[in-house]
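Structure data (mmCIF, C-alpha atoms) from entry16.cif:
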data_coords
loop_
_atom_site.label_atom_id
_atom_site.label_comp_id
_atom_site.auth_asym_id
_atom_site.auth_seq_id
_atom_site.Cartn_x
_atom_site.Cartn_y
_atom_site.Cartn_z
CA MET K 4 -5.96 -3.73 -29.31
CA HIS K 5 -9.02 -5.17 -27.60
CA THR K 6 -11.13 -2.63 -25.70
CA VAL K 7 -14.10 -2.95 -23.36
CA LYS K 8 -17.28 -1.40 -24.82
CA ARG K 9 -19.21 -1.51 -21.54
CA ALA K 10 -17.38 -0.41 -18.42
CA ASN K 11 -19.60 -0.81 -15.37
CA ILE K 12 -17.67 -0.48 -12.13
CA LEU K 13 -18.53 -1.73 -8.64
CA VAL K 14 -16.77 0.25 -5.89
CA SER K 15 -16.74 -1.66 -2.58
CA VAL K 16 -16.02 0.76 0.28
CA ASP K 17 -14.91 -0.18 3.79
CA ILE K 18 -13.85 2.26 6.51
CA GLU K 19 -10.79 0.88 8.35
CA GLY K 20 -8.44 1.69 5.47
CA VAL K 21 -9.66 5.26 5.05
CA ALA K 22 -7.08 7.98 5.74
CA GLY K 23 -7.32 9.28 9.30
CA VAL K 24 -9.05 6.20 10.73
CA PHE K 25 -7.08 4.40 13.48
CA HIS K 26 -9.38 3.54 16.40
CA PRO K 27 -12.45 1.29 16.71
CA GLU K 28 -14.42 4.29 18.00
CA GLN K 29 -14.16 5.79 14.53
CA THR K 30 -15.82 2.73 12.99
CA ARG K 31 -18.80 2.38 15.35
CA PRO K 32 -22.01 4.41 15.07
CA GLY K 33 -23.16 6.56 17.93
CA ASN K 34 -20.34 9.07 18.41
CA GLY K 35 -18.86 12.15 16.82
CA GLU K 36 -15.64 10.47 15.70
CA TYR K 37 -17.65 7.95 13.66
CA GLU K 38 -19.69 10.71 12.03
CA ARG K 39 -16.48 12.41 10.93
CA ALA K 40 -14.98 9.12 9.67
CA ARG K 41 -18.04 8.19 7.63
CA ARG K 42 -17.77 11.56 5.89
CA TRP K 43 -14.12 10.81 5.02
CA MET K 44 -15.28 7.38 3.80
CA THR K 45 -17.85 9.03 1.51
CA GLU K 46 -15.29 11.53 0.23
CA GLU K 47 -12.86 8.71 -0.66
CA ALA K 48 -15.66 6.94 -2.52
CA ASN K 49 -16.36 10.15 -4.44
CA ALA K 50 -12.69 10.48 -5.36
CA VAL K 51 -12.69 7.01 -6.87
CA ILE K 52 -15.97 7.69 -8.69
CA ARG K 53 -14.48 10.83 -10.23
CA GLY K 54 -11.35 8.99 -11.32
CA ALA K 55 -13.27 6.06 -12.78
CA LEU K 56 -15.64 8.30 -14.75
CA ALA K 57 -12.80 10.47 -16.01
CA ALA K 58 -11.09 7.35 -17.40
CA GLY K 59 -14.20 6.21 -19.27
CA ALA K 60 -16.36 4.16 -16.90
CA THR K 61 -19.90 4.02 -18.23
CA ALA K 62 -21.58 3.42 -14.86
CA VAL K 63 -20.50 3.26 -11.22
CA LYS K 64 -22.23 1.47 -8.36
CA VAL K 65 -20.96 1.99 -4.81
CA ASN K 66 -21.32 -0.82 -2.28
CA ASP K 67 -21.26 0.20 1.39
CA SER K 68 -19.16 -2.62 2.84
CA HIS K 69 -18.65 -1.76 6.51
CA GLY K 70 -20.51 -3.07 9.55
CA GLY K 71 -24.24 -2.72 9.04
CA PHE K 72 -23.65 -1.46 5.48
CA ARG K 73 -25.29 1.89 6.30
CA ASN K 74 -22.31 4.25 6.64
CA LEU K 75 -21.97 6.17 3.39
CA LEU K 76 -23.82 9.48 3.30
CA PRO K 77 -26.22 9.31 0.32
CA ASP K 78 -26.73 13.08 0.18
CA LEU K 79 -22.99 13.64 -0.19
CA LEU K 80 -22.27 10.88 -2.72
CA LEU K 81 -21.80 12.05 -6.29
CA PRO K 82 -25.13 11.76 -8.15
CA GLN K 83 -23.50 9.96 -11.07
CA ALA K 84 -23.27 6.81 -8.92
CA ARG K 85 -25.86 4.41 -7.53
CA MET K 86 -25.54 2.84 -4.06
CA VAL K 87 -25.91 -0.60 -2.50
CA LEU K 88 -26.89 -0.22 1.16
CA GLY K 89 -28.15 -2.36 4.05
CA LYS K 90 -27.92 -5.95 5.21
CA PRO K 91 -28.33 -8.85 5.22
CA ARG K 92 -27.44 -9.31 1.60
CA VAL K 93 -26.34 -12.53 -0.08
CA LEU K 94 -23.10 -11.28 -1.63
CA GLY K 95 -22.07 -9.07 1.28
CA MET K 96 -19.22 -6.70 0.42
CA MET K 97 -19.64 -7.56 -3.27
CA GLY K 98 -23.39 -6.98 -3.40
CA GLY K 99 -24.27 -6.04 -6.98
CA VAL K 100 -21.33 -7.85 -8.59
CA ASP K 101 -23.80 -10.20 -10.29
CA GLN K 102 -25.63 -7.33 -12.00
CA GLU K 103 -23.79 -6.43 -15.20
CA VAL K 104 -20.58 -5.38 -13.46
CA ASP K 105 -17.32 -5.51 -15.40
CA ALA K 106 -14.65 -4.57 -12.81
CA ALA K 107 -14.38 -4.05 -9.05
CA MET K 108 -12.49 -1.45 -7.02
CA LEU K 109 -11.76 -1.85 -3.29
CA VAL K 110 -11.63 1.35 -1.24
CA GLY K 111 -10.73 1.79 2.44
CA TYR K 112 -9.86 -1.90 2.87
CA HIS K 113 -7.60 -3.31 5.60
CA SER K 114 -5.23 -6.15 6.43
CA ARG K 115 -6.51 -9.61 7.36
CA ALA K 116 -6.96 -10.92 10.91
CA GLN K 117 -3.60 -11.30 12.66
CA GLY K 118 -2.10 -8.99 10.05
CA ARG K 119 0.10 -6.09 11.11
CA GLY K 120 -2.22 -3.45 9.68
CA ILE K 121 -4.40 -0.81 11.28
CA LEU K 122 -7.66 -2.29 12.62
CA ALA K 123 -6.81 -5.60 10.93
CA HIS K 124 -9.52 -8.28 10.97
CA THR K 125 -11.40 -10.66 8.70
CA THR K 126 -15.17 -10.21 8.43
CA ASN K 127 -15.80 -10.15 12.18
CA SER K 128 -13.07 -9.37 14.72
CA PHE K 129 -15.11 -10.93 17.53
CA ALA K 130 -15.66 -14.22 15.68
CA PHE K 131 -12.64 -15.09 13.53
CA ALA K 132 -8.93 -15.19 14.39
CA ARG K 133 -7.77 -16.50 10.99
CA VAL K 134 -9.33 -17.75 7.74
CA TRP K 135 -7.83 -19.87 4.94
CA LEU K 136 -9.45 -20.65 1.61
CA GLY K 137 -7.95 -23.15 -0.80
CA GLY K 138 -4.81 -23.33 1.33
CA GLN K 139 -4.23 -19.56 1.29
CA GLU K 140 -4.72 -17.33 4.31
CA MET K 141 -7.23 -14.71 3.26
CA GLY K 142 -8.61 -11.39 4.37
CA GLU K 143 -11.73 -9.72 3.09
CA ALA K 144 -10.06 -8.51 -0.11
CA GLY K 145 -9.00 -12.03 -1.06
CA LEU K 146 -12.30 -13.65 -0.12
CA TYR K 147 -14.42 -11.14 -1.97
CA GLY K 148 -11.94 -10.82 -4.83
CA ALA K 149 -12.32 -14.56 -5.39
CA LEU K 150 -16.10 -14.24 -5.20
CA ALA K 151 -15.99 -11.46 -7.80
CA GLY K 152 -13.73 -13.62 -9.96
CA GLU K 153 -16.39 -16.33 -10.08
CA HIS K 154 -18.64 -13.73 -11.70
CA GLY K 155 -15.94 -12.85 -14.22
CA VAL K 156 -15.16 -9.56 -12.48
CA PRO K 157 -11.51 -8.58 -11.87
CA VAL K 158 -10.29 -6.43 -8.99
CA ILE K 159 -8.48 -3.56 -10.71
CA PHE K 160 -7.87 -1.19 -7.78
CA GLY K 161 -7.36 -1.25 -4.02
CA SER K 162 -6.72 1.36 -1.33
CA GLY K 163 -5.79 1.10 2.34
CA ASP K 164 -2.72 1.08 4.56
CA ASP K 165 0.70 -0.26 3.61
CA ALA K 166 -0.03 -3.65 5.23
CA PHE K 167 -3.15 -4.05 3.09
CA VAL K 168 -1.22 -3.19 -0.05
CA GLU K 169 1.68 -5.54 0.74
CA GLU K 170 -0.68 -8.38 1.63
CA ASN K 171 -2.87 -8.13 -1.47
CA GLN K 172 -0.49 -7.24 -4.29
CA PRO K 173 0.39 -10.94 -4.73
CA LEU K 174 -3.33 -11.79 -5.09
CA PHE K 175 -4.00 -8.95 -7.54
CA PRO K 176 -0.58 -8.38 -9.16
CA HIS K 177 -1.91 -6.28 -12.03
CA ALA K 178 -4.23 -4.05 -9.98
CA VAL K 179 -3.39 -0.44 -9.15
CA PHE K 180 -3.00 0.28 -5.42
CA ALA K 181 -3.12 3.49 -3.41
CA GLU K 182 -1.55 3.67 0.06
CA THR K 183 -3.50 6.02 2.35
CA LYS K 184 -1.47 5.48 5.55
CA LYS K 185 1.37 3.49 7.13
CA ALA K 186 0.73 1.18 10.06
CA TYR K 187 2.87 1.46 13.17
CA GLY K 188 0.55 -0.93 15.01
CA ALA K 189 -3.06 -2.02 15.28
CA ASN K 190 -4.19 1.47 16.29
CA SER K 191 -1.34 3.75 15.26
CA GLY K 192 0.53 5.02 12.23
CA ASP K 193 0.94 8.02 9.99
CA THR K 194 -1.65 9.06 7.45
CA LEU K 195 -2.34 11.31 4.53
CA SER K 196 -4.83 14.06 5.22
CA PRO K 197 -8.32 13.42 3.83
CA ALA K 198 -7.68 15.94 1.05
CA GLN K 199 -4.33 14.35 0.13
CA SER K 200 -5.86 10.89 0.19
CA CYS K 201 -8.74 11.87 -2.07
CA ALA K 202 -6.35 13.46 -4.56
CA LEU K 203 -4.26 10.28 -4.63
CA LEU K 204 -7.29 8.01 -4.95
CA GLU K 205 -8.74 10.00 -7.82
CA THR K 206 -5.46 9.85 -9.72
CA ARG K 207 -4.82 6.16 -9.07
CA ALA K 208 -8.45 5.17 -9.79
CA LYS K 209 -8.24 6.96 -13.13
CA GLU K 210 -5.02 5.08 -13.89
CA ALA K 211 -6.60 1.74 -12.94
CA VAL K 212 -9.67 2.14 -15.15
CA ALA K 213 -7.63 3.51 -18.04
CA GLN K 214 -5.21 0.57 -17.89
CA TRP K 215 -8.05 -1.93 -17.67
CA LEU K 216 -9.96 -0.37 -20.57
CA ALA K 217 -6.83 -0.33 -22.72
CA GLN K 218 -6.00 -3.98 -22.08
CA PRO K 219 -8.62 -5.93 -20.10
CA SER K 220 -6.74 -9.21 -20.42
CA ALA K 221 -3.82 -7.72 -18.47
CA MET K 222 -6.02 -7.50 -15.36
CA PRO K 223 -7.46 -11.02 -14.98
CA SER K 224 -9.98 -12.10 -12.38
CA LEU K 225 -8.82 -13.95 -9.28
CA ILE K 226 -9.88 -17.56 -9.76
CA LEU K 227 -9.56 -20.22 -7.06
CA PRO K 228 -10.38 -23.56 -8.68
CA GLY K 229 -12.94 -25.50 -6.69
CA PRO K 230 -13.84 -27.47 -4.78
CA LEU K 231 -12.23 -25.50 -1.96
CA ARG K 232 -11.45 -26.29 1.65
CA CYS K 233 -12.11 -23.46 4.07
CA ARG K 234 -10.33 -23.49 7.43
CA LEU K 235 -11.02 -21.00 10.20
CA GLN K 236 -9.83 -20.33 13.71
CA ALA K 237 -12.49 -19.03 16.05
CA GLN K 238 -11.60 -16.40 18.64
CA SER K 239 -12.63 -18.70 21.50
CA VAL K 240 -13.56 -22.27 22.35
CA ALA K 241 -17.11 -21.10 23.03
CA LEU K 242 -17.39 -19.71 19.52
CA ALA K 243 -16.02 -22.95 18.07
CA ASP K 244 -18.66 -24.81 20.09
CA LEU K 245 -21.31 -22.57 18.58
CA PHE K 246 -20.05 -22.85 15.02
CA SER K 247 -19.94 -26.65 15.35
CA GLN K 248 -23.73 -26.63 15.45
CA LEU K 249 -23.65 -26.12 11.70
CA PRO K 250 -23.46 -29.69 10.33
CA ILE K 251 -21.13 -28.91 7.42
CA LEU K 252 -18.33 -27.85 9.78
CA GLU K 253 -15.73 -30.31 11.10
CA ARG K 254 -13.85 -29.61 14.33
CA ALA K 255 -10.07 -29.84 13.80
CA ASP K 256 -9.05 -28.77 17.31
CA ASN K 257 -10.38 -26.66 20.17
CA VAL K 258 -10.75 -23.51 18.07
CA THR K 259 -10.20 -24.65 14.48
CA LEU K 260 -12.96 -25.75 12.11
CA GLU K 261 -13.07 -26.74 8.46
CA PHE K 262 -15.65 -27.19 5.73
CA ASP K 263 -15.76 -27.96 2.03
CA ALA K 264 -16.98 -25.27 -0.34
CA PRO K 265 -17.75 -25.81 -4.02
CA THR K 266 -17.08 -22.11 -4.67
CA ALA K 267 -15.62 -19.02 -3.00
CA GLU K 268 -19.11 -17.54 -2.89
CA TYR K 269 -20.30 -20.55 -0.91
CA ALA K 270 -17.44 -20.13 1.56
CA VAL K 271 -18.13 -16.41 1.99
CA ARG K 272 -21.81 -17.06 2.62
CA VAL K 273 -21.01 -19.67 5.26
CA LEU K 274 -18.53 -17.31 6.96
CA ASN K 275 -21.10 -14.53 6.97
CA SER K 276 -23.65 -16.90 8.50
CA LEU K 277 -21.18 -17.87 11.24
CA SER K 278 -20.46 -14.19 11.82
CA ALA K 279 -24.17 -13.55 12.36
CA MET K 280 -24.40 -16.56 14.70
CA SER K 281 -21.57 -15.22 16.84
CA ALA K 282 -23.75 -12.31 18.00
CA MET K 283 -25.47 -14.59 20.51
CA LEU K 284 -22.20 -14.90 22.49
CA ARG K 285 -21.37 -11.19 22.63
#

Could you rewrite the structure in this file as structure tokens?
Amino acid sequence: MHTVKRANILVSVDIEGVAGVFHPEQTRPGNGEYERARRWMTEEANAVIRGALAAGATAVKVNDSHGGFRNLLPDLLLPQARMVLGKPRVLGMMGGVDQEVDAAMLVGYHSRAQGRGILAHTTNSFAFARVWLGGQEMGEAGLYGALAGEHGVPVIFGSGDDAFVEENQPLFPHAVFAETKKAYGANSGDTLSPAQSCALLETRAKEAVAQWLAQPSAMPSLILPGPLRCRLQAQSVALADLFSQLPILERADNVTLEFDAPTAEYAVRVLNSLSAMSAMLR
């Protein structure tokens, strides 16, 4: 049996898929609900760290992957892990994946834009209505999972609501998933308590790392052969007008644009640039 001698894990943590989070107010700095939610986010990250280390991970790096990438509470994160904080950063939600990382784990993730999940969106809810890459409609998990795959890093674990799990199991069929809540709508559903969610995440994260260490080939990276065509629908005609200023984009209709990308990383970097551009129309 082939085993992995080095087992460095990157844990990418978003907030919308965290247990107990249902409303945009909980995801935006400047209010008490957000402060509570970012603590739950940090606790879920800690649960996954504990599970990964218990299964044999040799190092864990935690990537803050929500909003301004400054949400996790460093003083509450387990000291066994290092952190990736702040933006802009070239690889966004997978910052650090190019630095001797062997596997990735997605925590607190959510359904793609126009998905039925809680707080569903793709990269920027103001900017993008839908995104396709290589003919597949993608959310953040798919986009960044493909980016990780180009660095030889498989996604071995994911957590979020039932819509996130259902949407991403086909992309990562061998990964271990943990369902933290069930979506009734964009801002409603039923959820595990933070304590229940952390217990589940620790158990499932341990399972994921143990399975991967026992048989790495059974958890392959997501590879989208290039060159790729990226298609996106902007949320408004005005945003499509703005995005059209970038010469590599072609206008398909009033709100739809397309561009060629040699790699998934290239596509993600263009999308993140468009997301930053959209701020001028807010």

Taking the file above as input, evaluate the PyMOL selection byres ((chain K and resi 197) around 8) and report the hits as a PyMOL selection string. chain K and resi 22-23+43+47+195-196+198-201

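Here the PyMOL selection byres ((chain K and resi 266) around 8) captures the residues Leu150, Glu153, Pro228, Gly229, Pro230, Leu231, Ala264, Pro265, Ala267, Glu268, Tyr269 and Ala270 of chain K.
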
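For the residues K:Ala55, K:Leu174, K:Leu88, K:Val93, ranking by smallest atom-to-atom distance to Arg272 in chain K using only C-alpha atoms places K:Val93 first.
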
Using all atoms listed in the file, determine which residues lie at most 10 Å from Gln83 in chain K, disregarding the query and same-chain residues fewer than 2 positions distant; provide the list as a ChimeraX atom specification. /K:49,52-53,56,61-64,80-81,85

Would you kindly translate the PyMOL selection byres ((chain K and resi 163) around 9) into the concrete residues it picks from this file, as a CSV table (one decimal) with C-alpha atoms, keeping the file's coordinate frame?
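Final file, out_36.csv:
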chain,number,residue,atom,x,y,z
K,19,GLU,CA,-10.8,0.9,8.4
K,20,GLY,CA,-8.4,1.7,5.5
K,21,VAL,CA,-9.7,5.3,5.0
K,22,ALA,CA,-7.1,8.0,5.7
K,109,LEU,CA,-11.8,-1.8,-3.3
K,110,VAL,CA,-11.6,1.4,-1.2
K,111,GLY,CA,-10.7,1.8,2.4
K,112,TYR,CA,-9.9,-1.9,2.9
K,113,HIS,CA,-7.6,-3.3,5.6
K,114,SER,CA,-5.2,-6.2,6.4
K,161,GLY,CA,-7.4,-1.2,-4.0
K,162,SER,CA,-6.7,1.4,-1.3
K,164,ASP,CA,-2.7,1.1,4.6
K,165,ASP,CA,0.7,-0.3,3.6
K,166,ALA,CA,0.0,-3.6,5.2
K,167,PHE,CA,-3.2,-4.0,3.1
K,168,VAL,CA,-1.2,-3.2,0.0
K,180,PHE,CA,-3.0,0.3,-5.4
K,181,ALA,CA,-3.1,3.5,-3.4
K,182,GLU,CA,-1.6,3.7,0.1
K,183,THR,CA,-3.5,6.0,2.4
K,184,LYS,CA,-1.5,5.5,5.6
K,185,LYS,CA,1.4,3.5,7.1

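You can rank K:Ala221, K:Val24, K:Ala149, K:Ala255 by their closest distance to Ala189 in chain K using only C-alpha atoms, and at the top of that list sits K:Val24.
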
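Residue nearest Ala48 in chain K, chosen from K:Val156, K:Val104, K:Val273, K:Val14 and counting only C-alpha atoms: K:Val14.
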
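Using only C-alpha atoms for every distance, the candidate list K:Asn171, K:Ser224, K:Asn74, K:Ser191 yields K:Asn74 as the residue closest to Thr30 in chain K.
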
Please identify all polymer residues lying at most 10 Å from the point (-3.9, -12.1, 14.0) (file coordinates), using all atoms listed in the file, and present the result as a PDB file with C-alpha atoms, in the coordinates of the input.
ATOM      1  CA  SER K 114      -5.230  -6.150   6.430  1.00  0.00           C
ATOM      2  CA  ARG K 115      -6.510  -9.610   7.360  1.00  0.00           C
ATOM      3  CA  ALA K 116      -6.960 -10.920  10.910  1.00  0.00           C
ATOM      4  CA  GLN K 117      -3.600 -11.300  12.660  1.00  0.00           C
ATOM      5  CA  GLY K 118      -2.100  -8.990  10.050  1.00  0.00           C
ATOM      6  CA  ARG K 119       0.100  -6.090  11.110  1.00  0.00           C
ATOM      7  CA  GLY K 120      -2.220  -3.450   9.680  1.00  0.00           C
ATOM      8  CA  ALA K 123      -6.810  -5.600  10.930  1.00  0.00           C
ATOM      9  CA  HIS K 124      -9.520  -8.280  10.970  1.00  0.00           C
ATOM     10  CA  THR K 125     -11.400 -10.660   8.700  1.00  0.00           C
ATOM     11  CA  SER K 128     -13.070  -9.370  14.720  1.00  0.00           C
ATOM     12  CA  PHE K 131     -12.640 -15.090  13.530  1.00  0.00           C
ATOM     13  CA  ALA K 132      -8.930 -15.190  14.390  1.00  0.00           C
ATOM     14  CA  ARG K 133      -7.770 -16.500  10.990  1.00  0.00           C
ATOM     15  CA  GLN K 238     -11.600 -16.400  18.640  1.00  0.00           C
TER      16      GLN K 238
END

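Atom pair CA of Asn257 in chain K / CA of Arg234 in chain K has a distance of 13.1 Å (rounded to one decimal).
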
Return the single residue from K:Ala10, K:Ala208, K:Met97, K:Ala106 that is closest to Leu146 in chain K, with distances computed using only C-alpha atoms. K:Met97

So that all listed atoms of range 131-148 of chain K fit with 5 Å spare on each side, what axis-aligned box centre and edge lengths in Å, to one decimal, would you give as lines of an AutoDock Vina configuration file?
center_x = -9.3
center_y = -15.9
center_z = 4.8
size_x = 20.2
size_y = 24.8
size_z = 29.2

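Taking CA of Lys90 in chain K as the reference point, CA of Val271 in chain K is found at 14.7 Å.
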
So how far away is CA of His69 in chain K from CA of Arg9 in chain K, in Å? 28.1 Å

Which residue, K:Gly155, K:Gly137, K:Leu252, K:Pro27, has the smallest gap to Pro219 in chain K when you use only C-alpha atoms? K:Gly155

I'd like the neighbourhood of Phe175 in chain K as an MDAnalysis selection string, where a residue qualifies if any of its atoms comes within 9 Å (using only C-alpha atoms), though same-chain residues fewer than 2 positions away should be ignored. chainID K and resid 145 148 157:160 171:173 177:179 222:225

Could you add the missing atoms to range 26-40 of chain K, up to N, CA and C atoms, and return them as a compact mmCIF listing (two decimals), keeping the file's coordinate frame?
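Once written, part.txt looks like this:
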# COMPACT_ATOMS: atom_id res chain seq x y z
N HIS K 26 -8.84 4.08 15.15
CA HIS K 26 -9.38 3.54 16.40
C HIS K 26 -10.77 2.97 16.16
N PRO K 27 -11.11 1.87 16.88
CA PRO K 27 -12.45 1.29 16.71
C PRO K 27 -13.59 2.29 16.91
N GLU K 28 -13.38 3.28 17.76
CA GLU K 28 -14.42 4.29 18.00
C GLU K 28 -14.84 4.98 16.71
N GLN K 29 -13.88 5.12 15.80
CA GLN K 29 -14.16 5.79 14.53
C GLN K 29 -14.98 4.93 13.57
N THR K 30 -15.12 3.66 13.88
CA THR K 30 -15.82 2.73 12.99
C THR K 30 -17.19 2.32 13.51
N ARG K 31 -17.56 2.81 14.69
CA ARG K 31 -18.80 2.38 15.35
C ARG K 31 -19.79 3.53 15.47
N PRO K 32 -21.01 3.34 14.98
CA PRO K 32 -22.01 4.41 15.07
C PRO K 32 -22.29 4.83 16.51
N GLY K 33 -22.73 6.09 16.63
CA GLY K 33 -23.16 6.56 17.93
C GLY K 33 -22.23 7.55 18.59
N ASN K 34 -21.25 8.08 17.84
CA ASN K 34 -20.34 9.07 18.41
C ASN K 34 -19.83 10.01 17.32
N GLY K 35 -19.31 11.14 17.76
CA GLY K 35 -18.86 12.15 16.82
C GLY K 35 -17.71 11.73 15.95
N GLU K 36 -16.79 10.92 16.49
CA GLU K 36 -15.64 10.47 15.70
C GLU K 36 -16.10 9.61 14.52
N TYR K 37 -17.11 8.76 14.75
CA TYR K 37 -17.65 7.95 13.66
C TYR K 37 -18.28 8.84 12.58
N GLU K 38 -19.03 9.85 13.00
CA GLU K 38 -19.69 10.71 12.03
C GLU K 38 -18.67 11.40 11.13
N ARG K 39 -17.54 11.79 11.73
CA ARG K 39 -16.48 12.41 10.93
C ARG K 39 -15.86 11.37 9.98
N ALA K 40 -15.62 10.16 10.48
CA ALA K 40 -14.98 9.12 9.67
C ALA K 40 -15.87 8.68 8.51
